[in-house]
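Below is input_5.txt, which holds compact mmCIF, C-alpha atoms.
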# COMPACT_ATOMS: atom_id res chain seq x y z
CA MET A 2 63.24 64.05 -46.03
CA LYS A 3 62.26 62.86 -49.50
CA GLY A 4 59.79 60.39 -48.01
CA ILE A 5 58.05 63.07 -45.98
CA ILE A 6 57.73 65.36 -48.99
CA LEU A 7 56.39 62.54 -51.15
CA LEU A 8 53.88 61.65 -48.46
CA LEU A 9 52.69 65.26 -48.30
CA ILE A 10 52.35 65.40 -52.08
CA PHE A 11 50.41 62.16 -52.10
CA VAL A 12 48.05 63.39 -49.41
CA VAL A 13 47.47 66.72 -51.14
CA ASN A 14 47.02 65.26 -54.58
CA SER A 15 44.80 62.45 -53.39
CA ALA A 16 42.59 64.96 -51.64
CA ARG A 17 42.29 67.33 -54.64
CA LEU A 18 39.93 69.39 -52.60
CA GLU A 19 38.64 72.88 -53.09
CA ALA A 20 39.46 75.73 -50.77
CA HIS A 21 38.16 79.18 -50.01
CA ALA A 22 36.96 80.91 -53.17
CA PHE A 23 38.63 84.23 -53.94
CA LEU A 24 37.74 86.64 -56.69
CA LYS A 25 40.14 85.96 -59.54
CA ASP A 26 38.91 88.59 -61.98
CA ALA A 27 35.75 90.49 -62.79
CA ASN A 28 34.10 92.30 -65.65
CA PRO A 29 33.60 95.23 -65.19
CA GLY A 30 36.95 95.17 -63.45
CA VAL A 31 37.46 95.86 -59.76
CA GLY A 32 37.64 99.63 -59.31
CA SER A 33 37.35 100.22 -63.05
CA THR A 34 35.87 103.13 -64.96
CA ILE A 35 33.90 102.25 -68.08
CA GLU A 36 32.29 104.40 -70.74
CA THR A 37 29.20 102.35 -71.56
CA SER A 38 26.70 100.48 -69.45
CA PRO A 39 27.69 96.80 -69.06
CA SER A 40 25.02 94.20 -69.81
CA GLU A 41 26.12 92.01 -66.92
CA VAL A 42 28.62 91.53 -64.13
CA ARG A 43 30.87 88.46 -64.48
CA ILE A 44 33.06 87.26 -61.68
CA ARG A 45 35.52 84.42 -61.97
CA PHE A 46 36.44 82.75 -58.71
CA THR A 47 39.41 80.63 -57.82
CA GLU A 48 37.20 77.68 -56.92
CA ASN A 49 34.05 76.04 -58.18
CA ILE A 50 30.93 77.61 -56.70
CA GLU A 51 27.58 76.34 -55.45
CA PRO A 52 25.27 78.84 -57.21
CA ALA A 53 22.15 77.89 -55.24
CA VAL A 54 23.64 79.27 -52.04
CA SER A 55 25.75 82.05 -53.56
CA SER A 56 24.82 85.60 -54.49
CA ILE A 57 25.95 88.64 -56.45
CA GLN A 58 24.11 91.93 -56.00
CA VAL A 59 24.70 95.24 -57.72
CA PHE A 60 23.68 98.49 -56.03
CA ASP A 61 23.60 102.06 -57.29
CA ALA A 62 24.92 105.03 -55.31
CA SER A 63 21.63 105.40 -53.44
CA GLY A 64 21.79 101.78 -52.27
CA LYS A 65 19.06 100.52 -54.58
CA GLU A 66 19.63 97.05 -56.02
CA VAL A 67 19.74 97.30 -59.81
CA ASP A 68 20.62 93.78 -60.98
CA LYS A 69 18.10 91.42 -62.58
CA HIS A 70 18.25 88.69 -59.90
CA ASP A 71 19.26 86.06 -62.45
CA LEU A 72 22.54 84.75 -61.05
CA HIS A 73 23.80 81.86 -63.11
CA LEU A 74 26.92 79.90 -63.93
CA GLU A 75 28.75 80.07 -67.23
CA GLY A 76 27.73 76.75 -68.82
CA SER A 77 29.87 74.01 -67.38
CA ASP A 78 32.37 76.45 -65.86
CA HIS A 79 31.41 76.33 -62.21
CA ALA A 80 33.87 79.05 -61.22
CA LEU A 81 32.33 81.82 -63.35
CA LEU A 82 29.16 83.56 -62.17
CA HIS A 83 27.08 86.08 -64.12
CA ILE A 84 24.27 88.41 -63.21
CA SER A 85 22.45 90.58 -65.76
CA LEU A 86 22.04 94.32 -65.56
CA PRO A 87 19.58 96.79 -67.06
CA GLN A 88 20.85 99.89 -68.88
CA LEU A 89 22.83 101.76 -66.24
CA GLY A 90 23.13 105.50 -66.01
CA VAL A 91 26.22 107.48 -65.15
CA GLY A 92 27.38 106.79 -61.61
CA THR A 93 29.22 104.50 -59.24
CA TYR A 94 27.95 100.98 -58.65
CA LYS A 95 28.82 98.57 -55.91
CA VAL A 96 29.02 94.82 -56.48
CA VAL A 97 28.54 92.71 -53.36
CA TRP A 98 29.25 88.99 -53.60
CA ARG A 99 29.01 86.07 -51.24
CA VAL A 100 29.87 82.61 -52.49
CA VAL A 101 30.06 79.11 -51.14
CA SER A 102 32.71 76.92 -52.70
CA VAL A 103 31.88 73.28 -53.30
CA ASP A 104 33.62 72.27 -50.07
CA THR A 105 31.25 74.65 -48.18
CA HIS A 106 33.80 77.34 -47.34
CA VAL A 107 32.10 80.75 -47.42
CA THR A 108 33.79 83.92 -48.64
CA ASN A 109 32.50 87.35 -49.49
CA GLY A 110 33.63 90.68 -50.81
CA ASN A 111 32.67 93.79 -52.68
CA PHE A 112 34.03 96.24 -55.20
CA THR A 113 32.89 99.25 -57.19
CA PHE A 114 32.94 100.28 -60.82
CA ARG A 115 32.03 103.59 -62.40
CA VAL A 116 30.03 104.32 -65.52
CA VAL A 117 30.98 107.72 -66.95
CA ARG A 118 28.83 108.03 -70.08
CA MET B 102 72.55 64.80 -50.84
CA LYS B 103 71.78 68.36 -49.85
CA PHE B 104 71.19 69.21 -53.48
CA LEU B 105 68.79 66.29 -53.84
CA SER B 106 66.82 67.37 -50.76
CA PHE B 107 66.63 70.90 -52.08
CA PHE B 108 65.49 69.58 -55.45
CA TRP B 109 62.72 67.56 -53.84
CA LEU B 110 61.63 70.55 -51.79
CA VAL B 111 61.45 72.82 -54.83
CA TRP B 112 59.63 70.16 -56.80
CA ALA B 113 57.17 69.67 -53.96
CA ILE B 114 56.41 73.37 -53.75
CA CYS B 115 55.81 73.49 -57.51
CA GLU B 116 53.60 70.42 -57.27
CA PHE B 117 51.58 71.88 -54.43
CA SER B 118 51.18 75.11 -56.35
CA SER B 119 50.10 73.32 -59.51
CA THR B 120 46.98 72.02 -57.83
CA GLY B 121 45.50 75.44 -58.43
CA ARG B 122 46.03 79.04 -57.47
CA ALA B 123 45.40 80.46 -54.10
CA TYR B 124 44.30 80.54 -50.97
CA GLY B 125 44.01 79.85 -47.34
CA HIS B 126 42.27 81.01 -44.27
CA GLY B 127 41.97 83.59 -41.50
CA PHE B 128 39.01 85.63 -42.66
CA ALA B 129 37.02 88.50 -41.21
CA GLY B 130 34.49 89.48 -43.83
CA ALA B 131 36.25 90.09 -47.11
CA ARG B 132 39.64 90.26 -45.40
CA PHE B 133 42.10 87.40 -45.55
CA PHE B 134 44.65 87.59 -42.77
CA PRO B 135 47.78 85.47 -43.18
CA ALA B 136 49.38 83.70 -40.25
CA THR B 137 52.10 85.99 -38.94
CA LEU B 138 55.60 84.70 -38.21
CA SER B 139 56.78 86.58 -35.15
CA THR B 140 53.61 87.51 -33.31
CA ASP B 141 50.59 85.38 -32.60
CA ASP B 142 47.54 86.01 -34.79
CA PRO B 143 43.96 86.11 -33.49
CA PHE B 144 42.52 83.33 -35.62
CA VAL B 145 41.21 80.06 -34.35
CA SER B 146 41.94 77.58 -37.10
CA ASP B 147 43.39 74.27 -38.16
CA GLU B 148 46.92 74.96 -39.20
CA LEU B 149 50.44 73.62 -39.15
CA SER B 150 53.66 75.60 -39.15
CA LEU B 151 56.35 73.20 -40.33
CA PRO B 152 58.94 74.43 -40.04
CA THR B 153 59.65 77.88 -38.68
CA VAL B 154 63.37 78.51 -38.86
CA SER B 155 65.09 81.49 -37.30
CA THR B 156 68.68 82.44 -36.70
CA ILE B 157 70.27 85.43 -35.03
CA ARG B 158 73.47 86.29 -33.19
CA THR B 159 72.66 87.24 -29.60
CA PRO B 160 74.97 89.18 -27.24
CA ASP B 161 75.25 86.23 -24.79
CA ASP B 162 78.73 84.83 -24.02
CA GLY B 163 80.53 87.24 -26.28
CA GLY B 164 78.16 86.59 -29.15
CA THR B 165 76.15 83.42 -29.70
CA ARG B 166 74.60 82.24 -32.94
CA GLU B 167 71.15 80.95 -31.94
CA THR B 168 69.21 78.89 -34.45
CA ASN B 169 65.70 77.57 -33.82
CA ILE B 170 63.69 75.10 -35.85
CA SER B 171 60.15 74.84 -34.57
CA VAL B 172 56.84 73.21 -35.32
CA ASP B 173 53.41 74.43 -34.21
CA ILE B 174 50.08 72.73 -34.65
CA SER B 175 46.65 74.24 -34.01
CA LYS B 176 43.46 72.18 -33.98
CA ARG B 177 39.91 73.46 -33.63
CA ILE B 178 37.81 71.70 -31.02
CA THR B 179 34.77 73.88 -31.74
CA PRO B 180 34.45 76.55 -34.45
CA ASP B 181 35.57 79.16 -31.90
CA PHE B 182 38.06 77.25 -29.76
CA ALA B 183 41.35 75.66 -30.70
CA ILE B 184 44.20 74.00 -28.88
CA GLU B 185 47.81 74.50 -29.86
CA ILE B 186 51.01 72.58 -29.32
CA GLY B 187 54.51 73.56 -30.28
CA ASP B 188 58.14 72.77 -29.69
CA SER B 189 61.46 73.80 -31.13
CA PHE B 190 64.95 72.51 -31.56
CA THR B 191 67.61 75.01 -30.57
CA ALA B 192 71.27 75.11 -31.56
CA LEU B 193 73.59 77.49 -29.72
CA ASN B 194 77.02 78.25 -31.10
CA PRO B 195 78.82 80.70 -28.79
CA HIS B 196 81.85 82.63 -29.88
CA ASP B 197 83.64 81.34 -26.79
CA GLY B 198 82.84 77.92 -25.44
CA PRO B 199 81.29 74.72 -26.66
CA ALA B 200 78.20 74.52 -28.83
CA ALA B 201 74.99 73.12 -27.40
CA ASN B 202 71.75 71.95 -28.89
CA GLY B 203 68.52 70.39 -27.76
CA PHE B 204 64.80 70.82 -27.55
CA SER B 205 63.14 73.75 -25.85
CA ASN B 206 60.29 73.30 -23.42
CA LEU B 207 57.03 71.99 -24.84
CA GLU B 208 54.39 74.69 -25.28
CA LEU B 209 50.65 74.12 -25.03
CA GLY B 210 47.87 76.62 -25.50
CA GLY B 211 44.22 77.31 -26.11
CA LYS B 212 42.55 80.16 -27.92
CA TYR B 213 38.91 81.26 -27.95
CA GLN B 214 37.48 83.61 -30.53
CA LEU B 215 35.36 86.18 -28.71
CA LEU B 216 34.27 88.36 -31.59
CA LYS B 217 34.38 88.41 -35.36
CA ASN B 218 32.77 91.19 -37.37
CA GLY B 219 32.86 90.82 -41.13
CA GLU B 220 31.62 94.32 -41.95
CA TYR B 221 34.45 95.95 -40.01
CA GLU B 222 36.96 93.16 -40.69
CA ALA B 223 37.57 92.85 -36.97
CA ILE B 224 38.38 89.93 -34.72
CA VAL B 225 39.22 89.54 -31.02
CA SER B 226 40.38 86.37 -29.26
CA ILE B 227 41.69 85.41 -25.86
CA GLY B 228 44.18 82.68 -25.14
CA LEU B 229 46.19 80.92 -22.51
CA GLY B 230 49.55 79.34 -23.16
CA VAL B 231 51.85 77.36 -20.94
CA GLU B 232 55.50 76.48 -21.37
CA ILE B 233 55.95 73.25 -19.49
CA GLY B 234 59.07 73.45 -17.38
CA GLY B 235 61.56 70.64 -17.44
CA THR B 236 60.51 69.22 -20.80
CA GLY B 237 63.40 70.82 -22.68
CA GLY B 238 67.15 70.67 -22.48
CA ARG B 239 68.94 72.67 -19.79
CA SER B 240 71.91 73.09 -22.09
CA VAL B 241 69.88 75.32 -24.41
CA GLY B 242 68.38 77.35 -21.59
CA ALA B 243 65.05 75.58 -21.14
CA ASP B 244 63.58 76.54 -17.78
CA SER B 245 63.00 73.98 -15.06
CA PHE B 246 59.77 75.73 -14.12
CA SER B 247 56.59 76.38 -16.09
CA THR B 248 55.39 79.74 -17.35
CA TRP B 249 51.75 80.67 -17.88
CA ALA B 250 50.84 83.27 -20.46
CA PRO B 251 47.28 84.59 -20.75
CA GLY B 252 46.75 87.04 -23.57
CA ILE B 253 44.39 88.87 -25.85
CA PHE B 254 44.73 88.93 -29.63
CA PHE B 255 43.13 91.20 -32.19
CA GLY B 256 42.92 91.90 -35.89
CA LYS B 257 41.47 94.80 -37.85
CA GLY B 258 41.31 95.45 -41.58
CA PHE B 259 41.04 98.97 -42.94
CA GLY B 260 38.48 98.09 -45.59
CA ASP B 261 35.93 100.41 -44.00
CA LEU B 262 37.97 103.51 -44.81
CA PRO B 263 36.23 106.00 -47.13
CA ASN B 264 36.68 105.53 -50.85
CA GLU B 265 38.88 108.63 -51.06
CA LEU B 266 41.46 106.61 -49.12
CA ARG B 267 40.84 103.41 -51.06
CA PHE B 268 44.52 102.59 -51.55
CA LEU B 269 44.88 102.42 -47.77
CA LYS B 270 42.10 99.82 -47.52
CA PRO B 271 44.49 96.89 -48.09
CA PHE B 272 46.20 97.72 -44.78
CA ALA B 273 45.41 95.60 -41.76
CA ILE B 274 46.83 95.19 -38.30
CA THR B 275 46.97 92.23 -35.94
CA GLY B 276 48.37 92.23 -32.46
CA GLN B 277 48.75 90.58 -29.13
CA LEU B 278 49.01 91.66 -25.51
CA GLY B 279 49.73 89.23 -22.72
CA VAL B 280 51.70 88.52 -19.59
CA ALA B 281 54.10 85.63 -19.12
CA ILE B 282 53.97 84.56 -15.48
CA PRO B 283 56.70 82.15 -14.34
CA THR B 284 55.80 79.70 -11.58
CA SER B 285 59.18 80.35 -9.96
CA ALA B 286 60.28 83.85 -8.95
CA SER B 287 63.96 82.93 -8.99
CA THR B 288 66.36 80.05 -9.23
CA ARG B 289 69.60 79.58 -7.33
CA SER B 290 72.67 77.84 -8.61
CA VAL B 291 75.60 76.96 -6.39
CA THR B 292 79.11 76.41 -7.64
CA ILE B 293 82.03 75.32 -5.48
CA ASP B 294 85.60 76.28 -6.24
CA VAL B 295 87.45 72.96 -6.03
CA GLN B 296 90.69 74.65 -5.04
CA THR B 297 89.47 77.08 -2.40
CA GLY B 298 86.29 75.32 -1.42
CA GLU B 299 84.38 78.60 -1.62
CA ARG B 300 80.75 78.44 -2.54
CA ASP B 301 79.41 80.86 -5.12
CA ILE B 302 75.64 81.29 -5.08
CA GLU B 303 74.06 82.86 -8.12
CA VAL B 304 70.43 83.94 -8.06
CA GLU B 305 68.59 84.38 -11.33
CA ARG B 306 65.34 86.28 -11.07
CA HIS B 307 62.37 85.50 -13.28
CA PRO B 308 60.13 88.54 -13.67
CA ASP B 309 56.63 88.59 -15.02
CA VAL B 310 56.93 89.79 -18.58
CA LEU B 311 54.53 91.83 -20.66
CA GLU B 312 54.49 90.27 -24.13
CA TRP B 313 53.22 92.65 -26.73
CA GLY B 314 53.47 93.07 -30.42
CA PHE B 315 51.67 93.79 -33.63
CA ALA B 316 51.91 93.25 -37.36
CA LEU B 317 51.08 95.88 -39.95
CA GLU B 318 50.39 94.33 -43.33
CA TYR B 319 49.40 95.48 -46.81
CA SER B 320 47.53 92.86 -48.79
CA LEU B 321 47.94 92.89 -52.56
CA ILE B 322 45.26 90.19 -52.58
CA TYR B 323 42.84 92.68 -51.06
CA LEU B 324 44.00 95.46 -53.37
CA GLN B 325 43.35 93.34 -56.46
CA SER B 326 39.97 91.90 -55.47
CA GLN B 327 38.40 94.68 -53.41
CA VAL B 328 39.90 98.01 -54.40
CA GLU B 329 41.34 98.09 -57.90
CA ASP B 330 42.53 95.38 -60.21
CA LEU B 331 46.03 96.48 -61.17
CA HIS B 332 46.51 93.30 -63.24
CA LEU B 333 49.37 92.12 -61.11
CA HIS B 334 50.66 88.72 -62.11
CA ALA B 335 51.86 85.80 -60.02
CA PRO B 336 53.51 85.77 -57.61
CA LEU B 337 52.96 89.50 -56.94
CA ASP B 338 49.18 89.13 -56.82
CA ARG B 339 49.41 86.92 -53.74
CA LEU B 340 51.99 88.89 -51.75
CA ILE B 341 51.41 90.50 -48.39
CA PRO B 342 54.30 92.76 -47.34
CA LEU B 343 54.33 93.32 -43.61
CA VAL B 344 56.33 94.52 -40.67
CA GLU B 345 56.06 92.87 -37.27
CA PHE B 346 56.99 94.27 -33.88
CA ALA B 347 57.66 91.57 -31.28
CA LEU B 348 58.39 93.06 -27.85
CA GLU B 349 58.82 92.03 -24.22
CA THR B 350 58.87 94.24 -21.15
CA PRO B 351 59.68 92.80 -17.69
CA LEU B 352 57.27 94.06 -15.05
CA ASN B 353 59.00 93.34 -11.71
CA ARG B 354 61.87 91.70 -9.79
CA GLY B 355 64.39 94.38 -10.58
CA GLU B 356 64.04 94.36 -14.34
CA GLU B 357 61.07 96.67 -14.75
CA GLY B 358 60.85 98.45 -18.05
CA GLN B 359 63.86 96.83 -19.67
CA THR B 360 62.16 96.23 -22.97
CA THR B 361 63.68 93.93 -25.54
CA GLY B 362 62.36 92.98 -28.92
CA THR B 363 62.72 93.04 -32.65
CA ILE B 364 61.24 94.77 -35.67
CA ASN B 365 60.71 92.31 -38.46
CA PRO B 366 60.02 93.56 -41.98
CA GLY B 367 59.21 90.88 -44.52
CA VAL B 368 56.78 89.38 -46.94
CA ILE B 369 54.29 86.52 -47.04
CA TRP B 370 53.11 84.71 -50.13
CA ALA B 371 49.73 83.10 -49.49
CA GLY B 372 48.73 80.18 -51.69
CA LYS B 373 45.83 77.80 -51.76
CA TYR B 374 46.98 75.27 -49.20
CA PHE B 375 49.97 76.95 -47.65
CA GLN B 376 51.87 80.17 -47.23
CA VAL B 377 55.56 80.98 -47.20
CA GLY B 378 56.97 83.90 -45.26
CA VAL B 379 60.36 85.41 -44.59
CA GLU B 380 61.34 88.34 -42.39
CA ALA B 381 64.47 90.12 -41.26
CA VAL B 382 64.84 90.20 -37.47
CA ILE B 383 66.18 93.58 -36.36
CA PRO B 384 66.89 94.14 -32.64
CA ILE B 385 65.35 97.32 -31.23
CA ASN B 386 68.21 98.04 -28.82
CA GLU B 387 71.61 96.85 -27.62
CA ARG B 388 69.97 94.90 -24.82
CA THR B 389 68.36 92.73 -27.48
CA GLY B 390 71.40 92.49 -29.71
CA ASN B 391 73.42 94.15 -32.41
CA ASN B 392 72.99 91.79 -35.31
CA VAL B 393 70.23 91.26 -37.81
CA GLY B 394 68.72 87.80 -37.99
CA VAL B 395 66.21 86.10 -40.23
CA ILE B 396 63.06 84.04 -39.75
CA ALA B 397 61.29 81.96 -42.39
CA GLN B 398 58.21 79.79 -42.23
CA LEU B 399 56.26 77.26 -44.25
CA HIS B 400 52.69 77.22 -42.98
CA PHE B 401 49.93 74.80 -44.05
CA PHE B 402 46.21 75.55 -44.05
CA VAL B 403 44.90 72.25 -42.72
CA ASP B 404 41.28 73.36 -43.02
CA ASP B 405 41.75 73.81 -46.76
CA LEU B 406 43.78 70.65 -47.21
CA PHE B 407 41.27 68.47 -45.39
CA PRO B 408 37.97 70.38 -45.10
CA HIS B 409 35.92 67.25 -44.43
CA SER B 410 38.19 65.50 -41.93
CA LEU B 411 41.26 66.86 -40.12
CA GLY B 412 40.49 70.42 -41.11
CA ARG B 413 37.12 70.80 -39.44
CA PRO B 414 36.23 71.33 -35.79
CA LEU B 415 35.74 68.20 -33.72
CA PHE B 416 32.40 69.57 -32.60
CA GLY B 417 30.14 71.98 -34.46
CA GLU B 418 29.98 73.14 -38.05
CA ASN B 419 32.81 74.42 -40.18
CA LYS B 420 32.91 78.18 -40.71
Show how you would write the structure in this file as C-alpha cells.
Amino acid sequence: MKGIILLLIFVVNSARLEAHAFLKDANPGVGSTIETSPSEVRIRFTENIEPAVSSIQVFDASGKEVDKHDLHLEGSDHALLHISLPQLGVGTYKVVWRVVSVDTHVTNGNFTFRVVR
Amino acid sequence: MKFLSFFWLVWAICEFSSTGRAYGHGFAGARFFPATLSTDDPFVSDELSLPTVSTIRTPDDGGTRETNISVDISKRITPDFAIEIGDSFTALNPHDGPAANGFSNLELGGKYQLLKNGEYEAIVSIGLGVEIGGTGGRSVGADSFSTWAPGIFFGKGFGDLPNELRFLKPFAITGQLGVAIPTSASTRSVTIDVQTGERDIEVERHPDVLEWGFALEYSLIYLQSQVEDLHLHAPLDRLIPLVEFALETPLNRGEEGQTTGTINPGVIWAGKYFQVGVEAVIPINERTGNNVGVIAQLHFFVDDLFPHSLGRPLFGENK
C-alpha cells in the first residue's frame, strides 16, 4: 500500500505538469457591481498561460467590443492576464476569455460586471 | 498497520493537493463536468477510478452485506473514441450462511463522442459495453454468460439560462439510457436430494434490462468563475453537490416493469489531478432494499497528469 502511494507521488511530482486553466479570480470581480470605470480587466488563472494563443475580450450590452486589444501578461507572472479598457459608461459588460495553458489544454469562459456610475 | 496506511493515504492526498490548486477534465465550453460515481458520464477521456468502494445491505438471503471495490480505466484511442476496462472485487456477508468473495466479471467498453457544443454546454456520446461471462467468481454471482449493453450518454449545462436566473446557471445534468442484453435467456440448475433422489430443477430467467439514470449537479466552481464570485474558500470553492438516480427496469421474460434502483445524494470535490466523491445509496423501493448504503471514489485525471504521454489520444491531437 505504502509503496503504491509513494510511486504515485513520485510520478506526479516528477511530472510537475500543468493542467486545464481555470479562472481563479478577476478584477472587476465575476458578477460584480462597481461604481467607477475600471482601467483594465485582470484575470488570474490557475495555470500558466500562453498569451500568444489566448484572448480576453470585453463587450458592452450591444455586443460591441470595447477593450483596447492589448492583452498582456503581468511581468513574469504567467498566470495573470490583463487587457486595458477605455473609460466605460454605465452599463453591463461581458468578459469573454479563452486561454491555452502551457501544456496546450484549452479552456474558456465568460462573466459579466456592471458599472453603475 | 491500518493507522500507518491511513497516514500514508492522508499524506499522499495532501502532497497531491500541494502541487497546485485545481482541476481536471470533462469540459463542454465553460462547463467542467466531474466524473459521476453511480451513472456513466458522457465524456471520452483518459481517466482512472481507483478505487470505487461501495457497501450496502441487500435483501438477499435474509439480508446480505455486499461490498464492492472496483477499478475502471478509460483510454482515448482518438480524441473522440475511448476504450474502457473495469473489474471489481465483491465480498458478500449474508445474515444466514457463509460469506463469499471474489472477482466479478470483467467489463470492457467503448465510447464515441458524437457531439460537443461549447456554447450550449452540451455533449452526446454513444457506447457499447460487454460484461464477459465466466471471468468472475460464481460464488459472488458472476454470470456464466456475457451481457452486451449499448447505450447513449448525454450532458447539458444550464449556463445558457437568462441572466435573471443566473444562480441556476451552475446546474447541469448528465444521463445515460441503454439496454443490457444477456446472451442467455435463462439458466437451469439441477439439485438432487441425496435422501429421496428427487431432482429439483430451478430456472433463472435473464431479462433484457433498460439501464437508465441521470445526475443533477450544482457546480460551485461554475458559480464562482462564471456567475458571481462569492469569495468561497477551499475546499468549498471546488465542491459539486449532486444527486444521482441509477435505475434498472427489466423489459421481458416475466419481469417487465419491475424497476429497481437507488437515489444517491452526495458531493464531489474536484482538484487539479483528481477528484474525490462520496454519496449515500438510497434504495427507491423494497424490491431494491431497505437499507442505506454508501459509495466513495478516488478518480484520477490521467490527461492532466500526463498530457504529453499517457494522457493523450493514441491517434490525433489532444483536445
- request: Identify, on the basis of all atoms listed in the file, every residue whose closest approach to B:Gly314 does not exceed 10 Å; exclude the query and any residue fewer than 3 positions from it along the same chain; express the result as a PyMOL selection string.
  value: chain B and resi 139-141+254+275-279+311+345-349+362-364
message: Could you work out which residues of chain A fall inside 6 Å of chain B? Count all atoms listed in the file, and format the result as a count of residues only.
response: 8
- request: Show which residues sit within 9 Å of B:Thr191, as number ranges by chain. Count all atoms listed in the file, and ignore same-chain residues fewer than 4 positions away.
  value: B: 167-171, 201-205, 241
task: Skip A:Ile44 itself and residues of its chain fewer than 3 positions away, then list as a PyMOL selection string all residues within 8 Å of it, counting all atoms listed in the file.
output: chain A and resi 24-28+81-83
- prompt: Hey, which of B:Arg300, B:Ala223, B:Leu321, B:Gly358 ends up closest to B:Phe268? Count all atoms listed in the file.
  reply: B:Leu321
task: Measure the distance from atom CA of B:Thr292 to atom CA of B:Ile233 in Å and round it to one decimal.
output: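 Interatomic distance, atom CA of B:Thr292 to atom CA of B:Ile233: 26.2 Å.
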- prompt: Which protein, DNA or RNA residues have an atom at most 10 Å from (40.2, 90.2, -24.2), counting all atoms listed in the file? List them as a list in words.
  reply: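 Final list of nearby residues, as requested, is Tyr213, Gln214, Leu215, Leu216, Val225, Ser226, Ile227, Gly228, Pro251, Gly252, Ile253, Phe254, Phe255, Gln277, Leu278 and Gly279 of chain B.
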- request: Go ahead and compute the interatomic distance for atom CA of B:Lys212 and atom CA of B:Val145, in Å to one decimal.
  value: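 Distance reported for this atom pair: 6.6 Å.
Take atom CA of B:Lys257 and atom CA of B:Lys217: the distance between them is 9.9 Å.
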- request: Skip A:Ile35 itself and residues of its chain fewer than 4 positions away, then list as a PyMOL selection string all residues within 7 Å of it, counting only C-alpha atoms.
  value: chain A and resi 115-117
Keeping C-alpha atoms for every residue in the selection just given, could you write it to a file as a tab-separated table (two decimals), in the frame of the given file?
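After the write, part-v6.tsv holds the following:
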chain	number	residue	atom	x	y	z
A	115	ARG	CA	32.03	103.59	-62.40
A	116	VAL	CA	30.03	104.32	-65.52
A	117	VAL	CA	30.98	107.72	-66.95
Is there a way to complete stretch 367-383 of chain B with N, CA and C atoms and then write that out as a compact mmCIF listing (two decimals), in the frame of the given file?
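Output below, filename result-v3.txt:
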# COMPACT_ATOMS: atom_id res chain seq x y z
N GLY B 367 59.13 92.06 -43.66
CA GLY B 367 59.21 90.88 -44.52
C GLY B 367 58.05 90.79 -45.47
N VAL B 368 57.84 89.59 -45.97
CA VAL B 368 56.78 89.38 -46.94
C VAL B 368 56.25 87.96 -46.80
N ILE B 369 54.94 87.83 -47.04
CA ILE B 369 54.29 86.52 -47.04
C ILE B 369 53.66 86.30 -48.40
N TRP B 370 53.84 85.12 -48.93
CA TRP B 370 53.11 84.71 -50.13
C TRP B 370 52.08 83.68 -49.69
N ALA B 371 50.81 83.98 -49.94
CA ALA B 371 49.73 83.10 -49.49
C ALA B 371 49.17 82.33 -50.67
N GLY B 372 49.25 81.02 -50.62
CA GLY B 372 48.73 80.18 -51.69
C GLY B 372 47.42 79.53 -51.29
N LYS B 373 47.11 78.46 -51.97
CA LYS B 373 45.83 77.80 -51.76
C LYS B 373 45.85 76.93 -50.51
N TYR B 374 46.90 76.18 -50.33
CA TYR B 374 46.98 75.27 -49.20
C TYR B 374 48.06 75.64 -48.19
N PHE B 375 48.88 76.60 -48.56
CA PHE B 375 49.97 76.95 -47.65
C PHE B 375 50.44 78.36 -47.93
N GLN B 376 51.23 78.89 -47.03
CA GLN B 376 51.87 80.17 -47.23
C GLN B 376 53.34 80.04 -46.89
N VAL B 377 54.12 80.93 -47.47
CA VAL B 377 55.56 80.98 -47.20
C VAL B 377 55.90 82.41 -46.79
N GLY B 378 56.62 82.55 -45.72
CA GLY B 378 56.97 83.90 -45.26
C GLY B 378 58.42 83.99 -44.88
N VAL B 379 58.98 85.18 -45.03
CA VAL B 379 60.36 85.41 -44.59
C VAL B 379 60.47 86.85 -44.08
N GLU B 380 61.19 87.01 -43.00
CA GLU B 380 61.34 88.34 -42.39
C GLU B 380 62.78 88.52 -41.91
N ALA B 381 63.25 89.76 -41.97
CA ALA B 381 64.47 90.12 -41.26
C ALA B 381 64.12 90.32 -39.79
N VAL B 382 65.06 90.04 -38.91
CA VAL B 382 64.84 90.20 -37.47
C VAL B 382 65.83 91.26 -36.98
N ILE B 383 65.32 92.45 -36.69
CA ILE B 383 66.18 93.58 -36.36
C ILE B 383 65.99 93.95 -34.89
